[in-house]
file work.pdb (PDB, C-alpha atoms)
ATOM      1  CA  GLY A   1     -18.441 -63.375  96.436
ATOM      2  CA  ASN A   2     -21.753 -61.889  95.316
ATOM      3  CA  ALA A   3     -21.851 -59.593  98.333
ATOM      4  CA  ASN A   4     -18.374 -58.264  97.523
ATOM      5  CA  LEU A   5     -19.318 -57.813  93.872
ATOM      6  CA  PHE A   6     -22.448 -55.871  94.848
ATOM      7  CA  LYS A   7     -20.415 -53.740  97.243
ATOM      8  CA  GLY A   8     -17.799 -53.049  94.567
ATOM      9  CA  VAL A   9     -20.384 -51.894  92.045
ATOM     10  CA  PHE A  10     -21.970 -49.431  94.460
ATOM     11  CA  ASN A  11     -18.819 -48.368  96.304
ATOM     12  CA  GLY A  12     -18.452 -44.625  96.018
ATOM     13  CA  LEU A  13     -22.120 -44.113  95.129
ATOM     14  CA  SER A  14     -22.887 -42.170  98.320
ATOM     15  CA  LYS A  15     -19.893 -39.907  97.686
ATOM     16  CA  ASN A  16     -21.074 -39.269  94.130
ATOM     17  CA  ILE A  17     -24.626 -38.443  95.249
ATOM     18  CA  ALA A  18     -23.293 -36.108  97.955
ATOM     19  CA  GLY A  19     -21.361 -34.181  95.318
ATOM     20  CA  CYS A  20     -24.231 -34.003  92.803
ATOM     21  CA  VAL A  21     -26.372 -31.566  94.797
ATOM     22  CA  PRO A  22     -23.808 -28.740  95.231
ATOM     23  CA  ALA A  23     -22.425 -29.333  91.720
ATOM     24  CA  THR A  24     -25.882 -28.989  90.155
ATOM     25  CA  ALA A  25     -26.579 -25.880  92.236
ATOM     26  CA  LEU A  26     -23.320 -24.264  91.084
ATOM     27  CA  PHE A  27     -24.086 -25.164  87.470
ATOM     28  CA  PHE A  28     -27.427 -23.385  87.455
ATOM     29  CA  LEU A  29     -26.206 -20.438  89.516
ATOM     30  CA  ALA A  30     -23.857 -19.790  86.595
ATOM     31  CA  TYR A  31     -25.998 -21.108  83.729
ATOM     32  CA  GLU A  32     -29.288 -19.227  84.186
ATOM     33  CA  PRO A  33     -27.840 -15.692  84.708
ATOM     34  CA  THR A  34     -25.382 -16.187  81.820
ATOM     35  CA  LYS A  35     -28.126 -17.441  79.517
ATOM     36  CA  ARG A  36     -30.512 -14.603  80.405
ATOM     37  CA  TYR A  37     -27.784 -11.966  80.008
ATOM     38  CA  LEU A  38     -26.602 -13.254  76.615
ATOM     39  CA  GLU A  39     -30.166 -13.663  75.355
ATOM     40  CA  ARG A  40     -30.708  -9.957  76.017
ATOM     41  CA  THR A  41     -27.298  -8.946  74.622
ATOM     42  CA  LEU A  42     -26.985 -11.022  71.444
ATOM     43  CA  PRO A  43     -29.276 -10.766  68.400
ATOM     44  CA  PRO A  44     -31.991 -13.486  68.120
ATOM     45  CA  GLU A  45     -30.189 -15.287  65.290
ATOM     46  CA  GLN A  46     -27.264 -15.904  67.656
ATOM     47  CA  ASN A  47     -29.429 -17.420  70.384
ATOM     48  CA  TYR A  48     -27.656 -20.765  70.009
ATOM     49  CA  ALA A  49     -24.366 -19.049  70.960
ATOM     50  CA  ALA A  50     -25.933 -17.790  74.198
ATOM     51  CA  MET A  51     -27.034 -21.336  75.114
ATOM     52  CA  PHE A  52     -23.659 -22.815  74.171
ATOM     53  CA  ALA A  53     -21.700 -20.262  76.200
ATOM     54  CA  ALA A  54     -24.069 -20.605  79.169
ATOM     55  CA  GLY A  55     -23.638 -24.388  79.170
ATOM     56  CA  ALA A  56     -19.849 -24.053  79.092
ATOM     57  CA  THR A  57     -19.948 -21.474  81.906
ATOM     58  CA  GLY A  58     -22.131 -23.729  84.029
ATOM     59  CA  CYS A  59     -19.752 -26.630  83.465
ATOM     60  CA  LEU A  60     -16.740 -24.561  84.556
ATOM     61  CA  ALA A  61     -18.536 -23.408  87.708
ATOM     62  CA  SER A  62     -19.689 -26.900  88.685
ATOM     63  CA  SER A  63     -16.255 -28.413  87.966
ATOM     64  CA  ILE A  64     -15.102 -27.003  91.310
ATOM     65  CA  VAL A  65     -17.192 -29.749  92.918
ATOM     66  CA  ARG A  66     -17.595 -32.297  90.101
ATOM     67  CA  VAL A  67     -13.891 -33.023  89.642
ATOM     68  CA  PRO A  68     -13.070 -33.637  93.339
ATOM     69  CA  THR A  69     -16.234 -35.764  93.575
ATOM     70  CA  GLU A  70     -15.099 -37.821  90.589
ATOM     71  CA  VAL A  71     -11.628 -38.260  92.124
ATOM     72  CA  ILE A  72     -13.040 -39.436  95.475
ATOM     73  CA  LYS A  73     -15.598 -41.726  93.788
ATOM     74  CA  THR A  74     -12.982 -43.301  91.513
ATOM     75  CA  ARG A  75     -10.616 -43.935  94.418
ATOM     76  CA  ALA A  76     -13.395 -45.567  96.415
ATOM     77  CA  GLN A  77     -14.386 -47.806  93.490
ATOM     78  CA  THR A  78     -10.792 -48.888  92.792
ATOM     79  CA  GLY A  79     -10.042 -49.637  96.446
ATOM     80  CA  ASN A  80      -7.429 -46.896  96.859
ATOM     81  CA  LYS A  81      -6.414 -46.570 100.523
ATOM     82  CA  VAL A  82      -6.473 -42.756 100.280
ATOM     83  CA  GLN A  83     -10.087 -42.091  99.323
ATOM     84  CA  SER A  84     -11.449 -39.580 101.844
ATOM     85  CA  LEU A  85     -11.378 -35.816 101.335
ATOM     86  CA  GLY A  86      -9.074 -35.298 104.303
ATOM     87  CA  GLY A  87      -6.815 -38.185 103.282
ATOM     88  CA  ILE A  88      -6.348 -36.840  99.763
ATOM     89  CA  LEU A  89      -5.621 -33.328 101.071
ATOM     90  CA  ARG A  90      -3.016 -34.680 103.502
ATOM     91  CA  ALA A  91      -1.375 -36.903 100.889
ATOM     92  CA  SER A  92      -1.423 -34.647  97.832
ATOM     93  CA  GLY A  93      -2.692 -31.242  98.852
ATOM     94  CA  ILE A  94      -5.451 -29.379  97.052
ATOM     95  CA  THR A  95      -4.041 -30.413  93.653
ATOM     96  CA  GLY A  96      -4.801 -34.041  94.517
ATOM     97  CA  LEU A  97      -8.516 -33.253  94.293
ATOM     98  CA  PHE A  98      -8.158 -31.962  90.751
ATOM     99  CA  VAL A  99      -6.211 -34.799  89.160
ATOM    100  CA  GLY A 100      -7.544 -35.264  85.636
ATOM    101  CA  TYR A 101      -9.083 -31.779  85.469
ATOM    102  CA  GLY A 102      -7.931 -31.371  81.867
ATOM    103  CA  SER A 103      -9.465 -34.704  80.902
ATOM    104  CA  PHE A 104     -12.706 -33.677  82.583
ATOM    105  CA  LEU A 105     -12.875 -30.499  80.496
ATOM    106  CA  ILE A 106     -12.110 -32.410  77.291
ATOM    107  CA  ARG A 107     -15.258 -34.482  77.726
ATOM    108  CA  ASP A 108     -17.692 -32.573  79.921
ATOM    109  CA  LEU A 109     -17.335 -28.954  78.806
ATOM    110  CA  PRO A 110     -18.235 -29.664  75.141
ATOM    111  CA  PHE A 111     -20.898 -32.119  76.314
ATOM    112  CA  ASP A 112     -22.666 -29.632  78.596
ATOM    113  CA  ALA A 113     -22.405 -26.815  76.051
ATOM    114  CA  ILE A 114     -23.800 -28.927  73.194
ATOM    115  CA  GLU A 115     -26.526 -30.661  75.221
ATOM    116  CA  PHE A 116     -27.949 -27.483  76.738
ATOM    117  CA  SER A 117     -27.809 -25.488  73.508
ATOM    118  CA  LEU A 118     -29.527 -28.351  71.646
ATOM    119  CA  TYR A 119     -32.216 -28.679  74.289
ATOM    120  CA  GLU A 120     -32.946 -24.962  74.591
ATOM    121  CA  GLU A 121     -33.063 -24.491  70.802
ATOM    122  CA  ALA A 122     -35.288 -27.571  70.399
ATOM    123  CA  LYS A 123     -37.626 -26.264  73.108
ATOM    124  CA  ILE A 124     -37.898 -22.846  71.426
ATOM    125  CA  SER A 125     -38.540 -24.388  67.989
ATOM    126  CA  TYR A 126     -41.072 -26.874  69.386
ATOM    127  CA  ALA A 127     -42.955 -24.181  71.305
ATOM    128  CA  LYS A 128     -43.057 -21.952  68.223
ATOM    129  CA  TRP A 129     -44.377 -24.848  66.134
ATOM    130  CA  ARG A 130     -47.140 -25.475  68.702
ATOM    131  CA  GLY A 131     -47.992 -21.758  68.941
ATOM    132  CA  ARG A 132     -46.830 -21.449  72.544
ATOM    133  CA  THR A 133     -44.050 -19.807  74.529
ATOM    134  CA  PRO A 134     -41.057 -21.902  75.721
ATOM    135  CA  SER A 135     -42.222 -21.541  79.330
ATOM    136  CA  GLU A 136     -45.463 -23.329  78.414
ATOM    137  CA  VAL A 137     -43.675 -26.539  77.442
ATOM    138  CA  SER A 138     -44.900 -29.300  79.748
ATOM    139  CA  ARG A 139     -42.737 -31.630  81.824
ATOM    140  CA  ALA A 140     -43.588 -34.573  79.549
ATOM    141  CA  GLU A 141     -42.610 -32.580  76.456
ATOM    142  CA  ALA A 142     -39.408 -31.413  78.141
ATOM    143  CA  THR A 143     -38.597 -35.026  78.970
ATOM    144  CA  ILE A 144     -38.870 -36.069  75.307
ATOM    145  CA  LEU A 145     -36.877 -33.048  74.093
ATOM    146  CA  GLY A 146     -34.243 -33.636  76.785
ATOM    147  CA  ALA A 147     -33.892 -37.311  75.899
ATOM    148  CA  THR A 148     -33.419 -36.408  72.239
ATOM    149  CA  ALA A 149     -30.852 -33.700  73.009
ATOM    150  CA  GLY A 150     -29.011 -36.034  75.383
ATOM    151  CA  GLY A 151     -28.907 -38.888  72.868
ATOM    152  CA  ILE A 152     -27.566 -36.707  70.055
ATOM    153  CA  THR A 153     -24.973 -35.128  72.339
ATOM    154  CA  GLY A 154     -23.948 -38.519  73.708
ATOM    155  CA  PHE A 155     -23.294 -39.804  70.205
ATOM    156  CA  VAL A 156     -21.352 -36.824  68.828
ATOM    157  CA  THR A 157     -19.172 -36.593  71.952
ATOM    158  CA  THR A 158     -18.354 -40.315  72.099
ATOM    159  CA  PRO A 159     -14.926 -39.728  70.488
ATOM    160  CA  LEU A 160     -14.090 -37.254  73.279
ATOM    161  CA  ASP A 161     -15.075 -39.819  75.888
ATOM    162  CA  VAL A 162     -12.970 -42.505  74.192
ATOM    163  CA  ILE A 163      -9.962 -40.167  74.007
ATOM    164  CA  LYS A 164     -10.410 -39.051  77.631
ATOM    165  CA  THR A 165     -10.502 -42.664  78.802
ATOM    166  CA  ARG A 166      -7.390 -43.573  76.786
ATOM    167  CA  LEU A 167      -5.477 -40.587  78.185
ATOM    168  CA  MET A 168      -6.462 -41.360  81.780
ATOM    169  CA  THR A 169      -5.544 -45.051  81.490
ATOM    170  CA  ASP A 170      -2.376 -44.676  79.393
ATOM    171  CA  THR A 171       0.463 -46.508  81.155
ATOM    172  CA  CYS A 172       2.840 -46.896  78.199
ATOM    173  CA  THR A 173       6.337 -45.655  79.073
ATOM    174  CA  ILE A 174       7.970 -46.312  75.683
ATOM    175  CA  SER A 175       5.633 -44.180  73.592
ATOM    176  CA  PRO A 176       3.143 -42.428  75.878
ATOM    177  CA  LEU A 177       0.250 -40.433  74.480
ATOM    178  CA  LYS A 178       1.097 -36.747  74.120
ATOM    179  CA  GLY A 179      -2.366 -35.236  74.207
ATOM    180  CA  VAL A 180      -5.803 -35.147  72.647
ATOM    181  CA  VAL A 181      -4.694 -34.793  69.029
ATOM    182  CA  ASP A 182      -1.979 -37.433  69.323
ATOM    183  CA  CYS A 183      -4.388 -39.856  71.007
ATOM    184  CA  GLY A 184      -7.119 -39.363  68.419
ATOM    185  CA  THR A 185      -4.654 -39.680  65.537
ATOM    186  CA  ARG A 186      -3.200 -42.919  66.900
ATOM    187  CA  ILE A 187      -6.633 -44.464  67.432
ATOM    188  CA  VAL A 188      -7.662 -43.712  63.845
ATOM    189  CA  ARG A 189      -4.329 -44.874  62.422
ATOM    190  CA  GLU A 190      -4.056 -48.097  64.434
ATOM    191  CA  GLU A 191      -7.705 -49.100  64.913
ATOM    192  CA  GLY A 192      -9.698 -47.146  62.333
ATOM    193  CA  ALA A 193     -12.154 -44.267  62.720
ATOM    194  CA  LYS A 194     -14.875 -46.605  64.032
ATOM    195  CA  ALA A 195     -12.851 -47.103  67.206
ATOM    196  CA  LEU A 196     -13.616 -43.502  68.181
ATOM    197  CA  PHE A 197     -17.281 -44.501  68.501
ATOM    198  CA  ARG A 198     -16.705 -47.673  70.509
ATOM    199  CA  GLY A 199     -19.409 -47.967  73.169
ATOM    200  CA  ALA A 200     -21.624 -45.362  71.474
ATOM    201  CA  SER A 201     -24.846 -47.406  71.672
ATOM    202  CA  PRO A 202     -24.995 -47.937  75.452
ATOM    203  CA  ARG A 203     -23.708 -44.389  75.967
ATOM    204  CA  VAL A 204     -26.526 -42.926  73.850
ATOM    205  CA  LEU A 205     -29.145 -45.056  75.616
ATOM    206  CA  TRP A 206     -27.933 -44.173  79.109
ATOM    207  CA  ILE A 207     -27.555 -40.447  78.385
ATOM    208  CA  SER A 208     -30.950 -40.284  76.640
ATOM    209  CA  LEU A 209     -32.643 -41.717  79.720
ATOM    210  CA  GLY A 210     -30.712 -39.399  82.016
ATOM    211  CA  GLY A 211     -31.335 -36.375  79.804
ATOM    212  CA  GLY A 212     -35.056 -37.020  79.687
ATOM    213  CA  ALA A 213     -35.331 -37.296  83.472
ATOM    214  CA  PHE A 214     -33.052 -34.324  84.088
ATOM    215  CA  PHE A 215     -34.708 -31.819  81.761
ATOM    216  CA  GLY A 216     -38.183 -32.886  82.836
ATOM    217  CA  VAL A 217     -37.304 -32.060  86.447
ATOM    218  CA  LEU A 218     -35.457 -28.920  85.331
ATOM    219  CA  GLU A 219     -38.527 -27.394  83.714
ATOM    220  CA  SER A 220     -40.636 -28.133  86.785
ATOM    221  CA  ALA A 221     -38.012 -26.428  88.979
ATOM    222  CA  ARG A 222     -37.796 -23.434  86.651
ATOM    223  CA  LYS A 223     -41.537 -22.820  86.927
ATOM    224  CA  ILE A 224     -41.170 -22.720  90.713
ATOM    225  CA  PHE A 225     -37.829 -20.962  91.308
ATOM    226  CA  VAL A 226     -37.093 -18.815  88.230
ATOM    227  CA  PRO A 227     -39.339 -15.766  87.667
ATOM    228  CA  GLU A 228     -40.478 -15.311  84.056
ATOM    229  CA  ASN A 229     -39.147 -11.737  83.903
ATOM    230  CA  TRP A 230     -35.849 -12.490  85.688
TER     231      TRP A 230
END
call {"tool": "encode", "arguments": {"input": "work.pdb", "output": "structure tokens"}}
result
Amino acid sequence: GNANLFKGVFNGLSKNIAGCVPATALFFLAYEPTKRYLERTLPPEQNYAAMFAAGATGCLASSIVRVPTEVIKTRAQTGNKVQSLGGILRASGITGLFVGYGSFLIRDLPFDAIEFSLYEEAKISYAKWRGRTPSEVSRAEATILGATAGGITGFVTTPLDVIKTRLMTDTCTISPLKGVVDCGTRIVREEGAKALFRGASPRVLWISLGGGAFFGVLESARKIFVPENW
């Protein structure tokens, strides 16, 4: 019993990890050039727009890998017989790997855009306050800034996560949900506005921890792989 429970919890983990590396690479291959280009093109007062657009662009690029990875991971965790890449392609074709793509964009595109723009703006403001350049922000400082940006983003995007989950798990045939607006409206009408923030606390905690670790590593990698004048 306990062995099966442990296996169920971690089933699909290896598939998820395997997809994380190429997805992250694609994200930054799109994010960094877009950010640098828009920073040079837009006036300084619109710097936040450059970060927001770069985050959204990175999300779109990485979705090519992130969505199929999510599909394979979910099938493995739910015990679906067709859970391998080849099996899904044979059963459903290429479209089978992108089931729920719209739901992914509803949650992850705003999340990535908001989180990265918040982090980059916080880093610039913090560095200016300390009399330094953004590139001089240490890994420890980046970790704290990243955790803060992640926590704020996790909270404000909780309604999108709730709506995405409801849409993906909707099995009602009498009055099915018709989309994002319909889902959000029904939740507020039937359960109250607080229902849109159900699960916000653990979500904020988990994303804060992940954001801190991620951005700390990110700044270390930038110092190694991204030239200052690139």
call {"tool": "closest_residue", "arguments": {"input": "work.pdb", "among": "A:Glu121, A:Asp161, A:Glu191, A:Glu219", "to": "Glu45 (chain A)", "atoms": "only C-alpha atoms"}}
result
A:Glu121
call {"tool": "closest_residue", "arguments": {"input": "work.pdb", "among": "A:Ser201, A:Thr133, A:Thr165, A:Thr24", "to": "Arg66 (chain A)", "atoms": "all atoms listed in the file"}}
result
A:Thr24
call {"tool": "closest_residue", "arguments": {"input": "work.pdb", "among": "A:Cys20, A:Ala49, A:Val162, A:Ile94", "to": "Ala193 (chain A)", "atoms": "all atoms listed in the file"}}
result
A:Val162
call {"tool": "closest_residue", "arguments": {"input": "work.pdb", "among": "A:Ile187, A:Ala56, A:Leu205, A:Ala61", "to": "Pro22 (chain A)", "atoms": "all atoms listed in the file"}}
result
A:Ala61
call {"tool": "atom_distance", "arguments": {"input": "work.pdb", "atom1": "CA of Leu218 (chain A)", "atom2": "CA of Lys35 (chain A)"}}
result
14.8 Å
call {"tool": "residues_around", "arguments": {"input": "work.pdb", "residues": "Ala142 (chain A)", "least_positions_apart": "4", "cutoff": "7 Å", "atoms": "all atoms listed in the file", "output": "PyMOL selection string"}}
result
chain A and resi 137-138+146+215-216+219
call {"tool": "resolve_selection", "arguments": {"input": "work.pdb", "expression": "the PyMOL selection byres ((chain A and resi 29) around 12)", "output": "mmCIF file with C-alpha atoms, in the frame of the given file"}}
result
data_model
loop_
_atom_site.group_PDB
_atom_site.id
_atom_site.type_symbol
_atom_site.label_atom_id
_atom_site.label_comp_id
_atom_site.auth_asym_id
_atom_site.auth_seq_id
_atom_site.Cartn_x
_atom_site.Cartn_y
_atom_site.Cartn_z
ATOM 1 C CA PRO A 22 -23.808 -28.740 95.231
ATOM 2 C CA ALA A 23 -22.425 -29.333 91.720
ATOM 3 C CA THR A 24 -25.882 -28.989 90.155
ATOM 4 C CA ALA A 25 -26.579 -25.880 92.236
ATOM 5 C CA LEU A 26 -23.320 -24.264 91.084
ATOM 6 C CA PHE A 27 -24.086 -25.164 87.470
ATOM 7 C CA PHE A 28 -27.427 -23.385 87.455
ATOM 8 C CA ALA A 30 -23.857 -19.790 86.595
ATOM 9 C CA TYR A 31 -25.998 -21.108 83.729
ATOM 10 C CA GLU A 32 -29.288 -19.227 84.186
ATOM 11 C CA PRO A 33 -27.840 -15.692 84.708
ATOM 12 C CA THR A 34 -25.382 -16.187 81.820
ATOM 13 C CA LYS A 35 -28.126 -17.441 79.517
ATOM 14 C CA ARG A 36 -30.512 -14.603 80.405
ATOM 15 C CA ALA A 54 -24.069 -20.605 79.169
ATOM 16 C CA GLY A 55 -23.638 -24.388 79.170
ATOM 17 C CA THR A 57 -19.948 -21.474 81.906
ATOM 18 C CA GLY A 58 -22.131 -23.729 84.029
ATOM 19 C CA CYS A 59 -19.752 -26.630 83.465
ATOM 20 C CA LEU A 60 -16.740 -24.561 84.556
ATOM 21 C CA ALA A 61 -18.536 -23.408 87.708
ATOM 22 C CA SER A 62 -19.689 -26.900 88.685
ATOM 23 C CA PHE A 225 -37.829 -20.962 91.308
ATOM 24 C CA VAL A 226 -37.093 -18.815 88.230
#
call {"tool": "closest_residue", "arguments": {"input": "work.pdb", "among": "A:Thr148, A:Thr69, A:Thr157, A:Thr143", "to": "Asp108 (chain A)", "atoms": "only C-alpha atoms"}}
result
A:Thr157
call {"tool": "closest_residue", "arguments": {"input": "work.pdb", "among": "A:Leu160, A:Val71, A:Leu209, A:Leu118", "to": "Ala147 (chain A)", "atoms": "only C-alpha atoms"}}
result
A:Leu209
call {"tool": "atom_distance", "arguments": {"input": "work.pdb", "atom1": "CA of Thr153 (chain A)", "atom2": "CA of Thr41 (chain A)"}}
result
26.4 Å
call {"tool": "residues_near_point", "arguments": {"input": "work.pdb", "point": "(-8.8, -41.1, 76.7)", "cutoff": "10 Å", "atoms": "all atoms listed in the file", "output": "VMD selection string"}}
result
chain A and resid 103 106 to 107 159 to 170 177 179 to 180 183 to 184
call {"tool": "write_last_selection", "arguments": {"input": "work.pdb", "atoms": "C-alpha atoms", "output": "mmCIF file, in the coordinates of the input"}}
result
data_model
loop_
_atom_site.group_PDB
_atom_site.id
_atom_site.type_symbol
_atom_site.label_atom_id
_atom_site.label_comp_id
_atom_site.auth_asym_id
_atom_site.auth_seq_id
_atom_site.Cartn_x
_atom_site.Cartn_y
_atom_site.Cartn_z
ATOM 1 C CA SER A 103 -9.465 -34.704 80.902
ATOM 2 C CA ILE A 106 -12.110 -32.410 77.291
ATOM 3 C CA ARG A 107 -15.258 -34.482 77.726
ATOM 4 C CA PRO A 159 -14.926 -39.728 70.488
ATOM 5 C CA LEU A 160 -14.090 -37.254 73.279
ATOM 6 C CA ASP A 161 -15.075 -39.819 75.888
ATOM 7 C CA VAL A 162 -12.970 -42.505 74.192
ATOM 8 C CA ILE A 163 -9.962 -40.167 74.007
ATOM 9 C CA LYS A 164 -10.410 -39.051 77.631
ATOM 10 C CA THR A 165 -10.502 -42.664 78.802
ATOM 11 C CA ARG A 166 -7.390 -43.573 76.786
ATOM 12 C CA LEU A 167 -5.477 -40.587 78.185
ATOM 13 C CA MET A 168 -6.462 -41.360 81.780
ATOM 14 C CA THR A 169 -5.544 -45.051 81.490
ATOM 15 C CA ASP A 170 -2.376 -44.676 79.393
ATOM 16 C CA LEU A 177 0.250 -40.433 74.480
ATOM 17 C CA GLY A 179 -2.366 -35.236 74.207
ATOM 18 C CA VAL A 180 -5.803 -35.147 72.647
ATOM 19 C CA CYS A 183 -4.388 -39.856 71.007
ATOM 20 C CA GLY A 184 -7.119 -39.363 68.419
#
call {"tool": "atom_distance", "arguments": {"input": "work.pdb", "atom1": "CA of Ala213 (chain A)", "atom2": "CA of Glu115 (chain A)"}}
result
13.8 Å
